$ cat query_36.txt   # compact mmCIF, C-alpha atoms
# COMPACT_ATOMS: atom_id res chain seq x y z
CA MET A 47 -10.55 -0.87 -12.92
CA LYS A 48 -14.22 -1.51 -12.15
CA THR A 49 -16.47 -4.36 -11.12
CA THR A 50 -17.97 -6.17 -14.10
CA ARG A 51 -19.90 -9.27 -15.16
CA VAL A 52 -17.73 -11.59 -17.24
CA LYS A 53 -17.56 -15.15 -18.48
CA LEU A 54 -14.09 -16.57 -19.14
CA THR A 55 -13.79 -19.78 -21.13
CA ARG A 56 -10.96 -21.82 -22.58
CA GLY A 57 -12.39 -24.11 -25.23
CA SER A 58 -15.32 -25.92 -23.63
CA HIS A 59 -14.05 -25.25 -20.10
CA THR A 60 -15.60 -22.38 -18.14
CA ILE A 61 -12.98 -20.70 -15.96
CA PHE A 62 -15.18 -18.00 -14.45
CA ASP A 63 -18.79 -16.91 -14.88
CA GLY A 64 -20.21 -14.16 -12.71
CA ILE A 65 -19.40 -10.83 -11.12
CA MET A 66 -15.68 -10.04 -11.03
CA PRO A 67 -15.03 -7.40 -8.37
CA ALA A 68 -12.58 -4.55 -8.86
CA GLY A 69 -9.10 -5.58 -7.74
CA THR A 70 -9.36 -9.11 -9.15
CA LEU A 71 -6.38 -10.73 -10.88
CA HIS A 72 -6.56 -13.33 -13.62
CA VAL A 73 -3.34 -14.96 -14.84
CA ALA A 74 -3.44 -16.62 -18.25
CA GLY A 75 -0.65 -18.99 -19.26
CA PRO A 76 1.47 -18.44 -22.39
CA SER A 77 0.02 -19.16 -25.84
CA GLN A 78 -3.33 -20.32 -24.48
CA PRO A 79 -6.41 -18.83 -26.22
CA LEU A 80 -8.97 -17.34 -23.87
CA THR A 81 -12.49 -16.11 -24.61
CA ALA A 82 -13.96 -13.31 -22.50
CA GLU A 83 -17.66 -12.44 -22.73
CA PHE A 84 -18.39 -9.15 -20.99
CA ARG A 85 -21.92 -8.45 -19.81
CA ALA A 86 -21.29 -5.05 -18.25
CA PRO A 87 -18.91 -2.10 -18.83
CA CYS A 88 -15.34 -2.86 -17.79
CA ASP A 89 -11.84 -1.44 -17.56
CA PHE A 90 -8.81 -3.73 -17.35
CA ILE A 91 -5.07 -3.38 -17.18
CA HIS A 92 -3.15 -6.06 -19.09
CA PHE A 93 0.46 -6.95 -18.25
CA HIS A 94 2.28 -9.29 -20.64
CA VAL A 95 5.10 -11.08 -18.83
CA SER A 96 7.64 -13.45 -20.37
CA ASN A 97 7.33 -16.99 -19.05
CA GLY A 98 11.05 -17.12 -18.28
CA TYR A 99 10.88 -14.00 -16.12
CA LEU A 100 7.85 -15.27 -14.22
CA ARG A 101 9.46 -18.65 -13.51
CA LYS A 102 12.66 -16.93 -12.40
CA ARG A 103 10.69 -14.83 -9.91
CA GLN A 104 8.90 -17.96 -8.68
CA ASP A 105 12.21 -19.74 -8.13
CA ALA A 106 13.51 -16.74 -6.19
CA ALA A 107 10.43 -16.72 -3.97
CA LYS A 108 10.26 -20.48 -3.46
CA SER A 109 12.51 -20.58 -0.40
CA GLY A 110 10.25 -18.21 1.52
CA LEU A 111 7.01 -20.10 0.90
CA SER A 112 5.54 -22.72 3.21
CA GLN A 113 3.94 -24.65 0.34
CA PRO A 114 5.02 -25.77 -3.14
CA ILE A 115 4.79 -23.33 -6.05
CA ARG A 116 1.58 -23.92 -7.97
CA ASP A 117 0.90 -23.44 -11.64
CA LEU A 118 -0.45 -19.91 -11.98
CA ASN A 119 -2.36 -20.54 -15.19
CA ASP A 120 -5.99 -19.41 -14.75
CA LEU A 121 -5.33 -18.22 -11.24
CA ILE A 122 -8.17 -15.88 -10.23
CA ILE A 123 -7.77 -14.02 -6.98
CA ARG A 124 -8.89 -10.73 -5.48
CA ASP A 125 -5.94 -8.84 -4.02
CA PRO A 126 -5.88 -5.33 -2.46
CA LEU A 127 -2.25 -4.63 -3.39
CA ALA A 128 -2.91 -5.50 -7.03
CA GLY A 129 -5.80 -3.04 -7.05
CA LEU A 130 -3.63 -0.35 -5.49
CA LEU A 131 -0.84 -0.88 -8.03
CA GLY A 132 -3.29 -0.61 -10.91
CA ARG A 133 -4.83 2.59 -9.58
CA THR A 134 -1.36 4.03 -9.02
CA LEU A 135 -0.45 3.42 -12.65
CA ILE A 136 -3.63 5.01 -14.03
CA GLU A 137 -4.18 7.84 -11.57
CA SER A 138 -0.56 8.96 -11.74
CA GLY A 139 -0.99 9.66 -15.46
CA LYS A 140 2.13 7.64 -16.22
CA ALA A 141 0.55 4.76 -18.09
CA ARG A 142 2.49 5.79 -21.21
CA ASP A 143 5.78 5.97 -19.30
CA ARG A 144 7.34 2.62 -20.21
CA LEU A 145 9.85 2.51 -17.34
CA TYR A 146 7.21 3.44 -14.79
CA ALA A 147 4.78 0.86 -16.17
CA GLU A 148 7.49 -1.82 -16.14
CA SER A 149 8.34 -1.08 -12.51
CA VAL A 150 4.67 -1.46 -11.54
CA GLY A 151 4.46 -4.70 -13.53
CA GLN A 152 7.59 -6.10 -11.90
CA THR A 153 6.24 -5.28 -8.44
CA LEU A 154 2.98 -7.00 -9.32
CA VAL A 155 4.75 -10.13 -10.60
CA MET A 156 6.94 -10.36 -7.48
CA HIS A 157 3.85 -9.99 -5.31
CA ILE A 158 1.97 -12.73 -7.16
CA THR A 159 4.86 -15.19 -6.94
CA ARG A 160 5.01 -14.70 -3.16
CA LEU A 161 1.32 -15.26 -2.52
CA GLU A 162 0.64 -18.28 -0.33
CA LEU A 163 -2.53 -19.53 -1.96
CA THR A 164 -4.69 -21.68 0.27
CA PRO A 165 -7.38 -23.89 -1.24
CA PRO A 166 -10.94 -22.65 -0.69
CA THR A 167 -12.65 -24.17 2.34
CA VAL A 168 -16.17 -23.07 1.33
CA ASN A 169 -18.06 -24.38 -1.67
CA ALA A 170 -19.36 -21.71 -4.01
CA LEU A 171 -23.11 -21.22 -4.15
CA PRO A 172 -24.45 -23.47 -6.95
CA LYS A 173 -25.38 -21.60 -10.11
CA TRP A 174 -29.06 -22.43 -9.86
CA ARG A 175 -29.25 -21.06 -6.33
CA LEU A 176 -27.23 -17.99 -7.35
CA LYS A 177 -29.57 -17.34 -10.26
CA ARG A 178 -32.60 -17.47 -7.96
CA VAL A 179 -30.98 -14.95 -5.62
CA GLN A 180 -30.00 -12.61 -8.45
CA GLU A 181 -33.51 -12.73 -9.93
CA TYR A 182 -35.02 -12.02 -6.51
CA VAL A 183 -32.74 -9.01 -6.01
CA ASP A 184 -33.55 -7.64 -9.47
CA SER A 185 -37.31 -7.91 -8.92
CA HIS A 186 -37.31 -6.53 -5.33
CA LEU A 187 -34.65 -3.85 -5.66
CA ASP A 188 -36.98 -1.06 -4.53
CA GLU A 189 -37.78 -2.90 -1.31
CA GLY A 190 -35.88 -3.60 1.87
CA ILE A 191 -33.91 -6.83 1.36
CA SER A 192 -32.28 -8.56 4.32
CA LEU A 193 -29.71 -11.31 4.54
CA ALA A 194 -32.46 -13.56 5.90
CA ASP A 195 -34.56 -12.86 2.78
CA LEU A 196 -31.73 -13.86 0.44
CA ALA A 197 -30.82 -16.93 2.47
CA LYS A 198 -34.45 -18.05 2.36
CA VAL A 199 -34.54 -17.66 -1.43
CA ALA A 200 -31.36 -19.74 -1.69
CA GLY A 201 -32.74 -22.35 0.70
CA LEU A 202 -29.81 -22.08 3.14
CA SER A 203 -29.09 -20.77 6.60
CA ARG A 204 -27.83 -17.19 6.73
CA MET A 205 -24.32 -18.29 7.70
CA HIS A 206 -23.96 -20.88 4.95
CA PHE A 207 -25.56 -18.64 2.36
CA ALA A 208 -23.29 -15.67 3.11
CA ALA A 209 -20.14 -17.80 2.88
CA GLN A 210 -21.18 -19.62 -0.29
CA PHE A 211 -22.42 -16.42 -1.95
CA ARG A 212 -19.08 -14.72 -1.34
CA ALA A 213 -17.21 -17.75 -2.66
CA ALA A 214 -19.31 -17.62 -5.85
CA THR A 215 -19.25 -13.88 -6.49
CA GLY A 216 -16.43 -12.32 -4.50
CA TYR A 217 -19.05 -10.13 -2.79
CA ARG A 218 -20.60 -10.15 0.62
CA PRO A 219 -24.40 -10.19 0.09
CA HIS A 220 -24.79 -6.62 1.36
CA ASP A 221 -22.06 -5.32 -0.96
CA TYR A 222 -23.64 -7.11 -3.91
CA LEU A 223 -27.00 -5.55 -3.09
CA LEU A 224 -25.47 -2.07 -2.97
CA HIS A 225 -23.74 -2.67 -6.30
CA GLN A 226 -27.00 -3.73 -7.93
CA ARG A 227 -28.83 -0.72 -6.51
CA ILE A 228 -26.21 1.63 -7.93
CA GLU A 229 -26.23 -0.08 -11.34
CA SER A 230 -30.01 0.28 -11.45
CA ALA A 231 -29.70 3.94 -10.42
CA LYS A 232 -27.26 4.53 -13.28
CA ALA A 233 -29.83 3.29 -15.77
CA ILE A 234 -32.43 5.71 -14.40
CA LEU A 235 -30.01 8.64 -14.20
CA SER A 236 -28.76 8.19 -17.75
CA SER A 237 -32.18 7.90 -19.36
CA THR A 238 -34.53 10.12 -17.33
CA ASP A 239 -34.70 13.45 -15.50
CA THR A 240 -36.08 11.82 -12.35
CA PRO A 241 -35.05 13.84 -9.25
CA LEU A 242 -32.30 12.26 -7.20
CA ALA A 243 -34.53 11.74 -4.16
CA GLU A 244 -36.94 9.71 -6.28
CA VAL A 245 -34.09 7.74 -7.86
CA ALA A 246 -32.84 6.86 -4.38
CA LEU A 247 -36.25 5.52 -3.35
CA ALA A 248 -36.71 3.66 -6.64
CA VAL A 249 -33.57 1.60 -6.08
CA GLY A 250 -34.16 0.83 -2.42
CA PHE A 251 -32.39 3.59 -0.48
CA GLN A 252 -34.43 5.16 2.30
CA ALA A 253 -32.79 8.58 1.96
CA GLN A 254 -30.98 10.53 -0.74
CA PRO A 255 -27.87 11.34 1.37
CA HIS A 256 -27.14 7.64 1.90
CA PHE A 257 -27.72 7.00 -1.80
CA SER A 258 -25.35 9.80 -2.78
CA THR A 259 -22.68 8.59 -0.36
CA VAL A 260 -22.77 5.02 -1.64
CA PHE A 261 -22.94 6.17 -5.28
CA LYS A 262 -19.82 8.32 -4.91
CA ARG A 263 -17.97 5.58 -3.05
CA LEU A 264 -18.61 3.06 -5.83
CA THR A 265 -18.25 5.34 -8.85
CA GLY A 266 -16.01 8.19 -7.72
CA GLU A 267 -18.67 10.80 -8.61
CA THR A 268 -21.86 12.16 -7.12
CA PRO A 269 -25.08 11.05 -8.85
CA ALA A 270 -25.60 14.53 -10.31
CA ARG A 271 -22.07 14.76 -11.71
CA TRP A 272 -22.25 11.22 -13.06
CA ARG A 273 -25.54 12.00 -14.80
CA CYS A 274 -24.02 15.08 -16.42
CA SER A 275 -20.90 13.25 -17.55
CA VAL A 276 -22.79 10.45 -19.31
CA ARG A 277 -25.12 12.94 -20.95
CA GLY A 278 -22.31 15.26 -22.00
CA ASP A 279 -23.58 18.23 -19.97
CA LEU A 280 -20.96 20.72 -18.85
CA GLU A 281 -22.43 21.12 -15.38
CA PRO A 282 -25.41 19.87 -13.39
CA PRO A 283 -28.74 21.59 -13.96
CA GLU A 284 -29.83 23.87 -11.12
CA THR A 285 -32.25 21.26 -9.76
CA PHE A 286 -29.45 18.70 -9.63
CA ARG A 287 -27.11 21.08 -7.84
CA ARG A 288 -29.68 21.67 -5.19
CA SER A 289 -30.41 17.97 -4.68
CA SER A 290 -27.13 16.69 -5.02
CA ALA A 291 -2.67 -14.85 -23.73
CA THR A 292 -0.14 -14.10 -26.48
CA ASN A 293 3.10 -15.30 -28.11
CA GLY A 294 4.71 -17.19 -25.28
CA GLN A 295 3.87 -14.61 -22.63
CA ASN A 296 1.80 -14.86 -19.48
CA GLN A 297 -0.99 -12.30 -19.34
CA ILE A 298 -2.01 -10.77 -16.04
CA THR A 299 -5.37 -9.04 -16.23
CA ALA A 300 -6.25 -6.73 -13.40
CA PRO A 301 -9.61 -4.96 -13.18
CA VAL A 302 -8.51 -2.62 -10.44

$ encode --input "query_36.txt" --output "structure tokens"
Amino acid sequence: MKTTRVKLTRGSHTIFDGIMPAGTLHVAGPSQPLTAEFRAPCDFIHFHVSNGYLRKRQDAAKSGLSQPIRDLNDLIIRDPLAGLLGRTLIESGKARDRLYAESVGQTLVMHITRLELTPPTVNALPKWRLKRVQEYVDSHLDEGISLADLAKVAGLSRMHFAAQFRAATGYRPHDYLLHQRIESAKAILSSTDTPLAEVALAVGFQAQPHFSTVFKRLTGETPARWRCSVRGDLEPPETFRRSSATNGQNQITAPV
């Protein structure tokens, strides 16, 4: 349901370690233990699908695919339709309606089995380069940061950096930067009474309106409303208003 930082491991094997954007799917095979270490707030939808049903849907889809069916275990892919299906289930208020939930799950399974998955053509940014970029962003968040700046920190050309960064994180560099700015703003909003205009400047936005627009797009709420909700206030203060894998089943995890 929301972008998060997570590390997925199976035994000594690391499956994923980094930022998992909203709308990402992870398919875990039946009866295979998985460890998830969350490093940021998260909301997921879990669908448990019998292995027989999944294989049957794969067989039905096989004739329409241009490449052989692959093993879906530990498939991780970002998919807009999966995100839409998850939001439909939650926002409709029918998550407790078993028939409705099953219909959404069946649609999701059929969609997954028909995906033509192409192997990645771009190598992911190495972890040591990614760490340098993330540390640079964290320490210069209140400044203007360009693609050229990040590419220089990574030691790559802008084109190669942008492609490898997206392969490693699922984000374009600009989108990642916006996400980090908003996460930093949340920390300030939840713990201080700093005016919104000052919060915007502190996290690298040049103007409050742009900050508020991006904040609402990423969180669904204005900064003032979000601040009130996390603090338990009934309404914004006047100043804010003015400035404003189990038992033989496949598990499909969708942070939508």

$ closest_residue --input "query_36.txt" --among "A:Arg271, A:Arg212, A:Lys173, A:His220" --to "Ser192 in chain A" --atoms "all atoms listed in the file"
A:His220

$ atom_distance --input "query_36.txt" --atom1 "CA of Val245 in chain A" --atom2 "CA of Pro219 in chain A"
21.9 Å

$ atom_distance --input "query_36.txt" --atom1 "CA of Gly129 in chain A" --atom2 "CA of Thr81 in chain A"
22.9 Å

$ residues_around --input "query_36.txt" --residues "Ile191 in chain A" --least-positions-apart "4" --cutoff "10 Å" --atoms "all atoms listed in the file" --output "number ranges by chain"
A: 182-183, 186-187, 195-196, 220, 223, 250

$ closest_residue --input "query_36.txt" --among "A:Leu121, A:Ile228, A:Trp174, A:Gly98" --to "Arg263 in chain A" --atoms "all atoms listed in the file"
A:Ile228

$ closest_residue --input "query_36.txt" --among "A:Lys53, A:Lys48, A:His72, A:Lys177" --to "Pro87 in chain A" --atoms "all atoms listed in the file"
A:Lys48

$ residues_near_point --input "query_36.txt" --point "(-16.1, -5.9, -24.3)" --cutoff "9 Å" --atoms "only C-alpha atoms" --output "PyMOL selection string"
chain A and resi 82-88

$ atom_distance --input "query_36.txt" --atom1 "CA of Val168 in chain A" --atom2 "CA of Gln210 in chain A"
6.3 Å

$ closest_residue --input "query_36.txt" --among "A:Ser258, A:Ser230, A:Gln152, A:Ser185" --to "Arg103 in chain A" --atoms "all atoms listed in the file"
A:Gln152

$ closest_residue --input "query_36.txt" --among "A:Leu100, A:Ala231, A:Ile123, A:Ala68" --to "Gly151 in chain A" --atoms "all atoms listed in the file"
A:Leu100

$ closest_residue --input "query_36.txt" --among "A:Leu171, A:Val199, A:Met156, A:Ala246" --to "Phe211 in chain A" --atoms "only C-alpha atoms"
A:Leu171
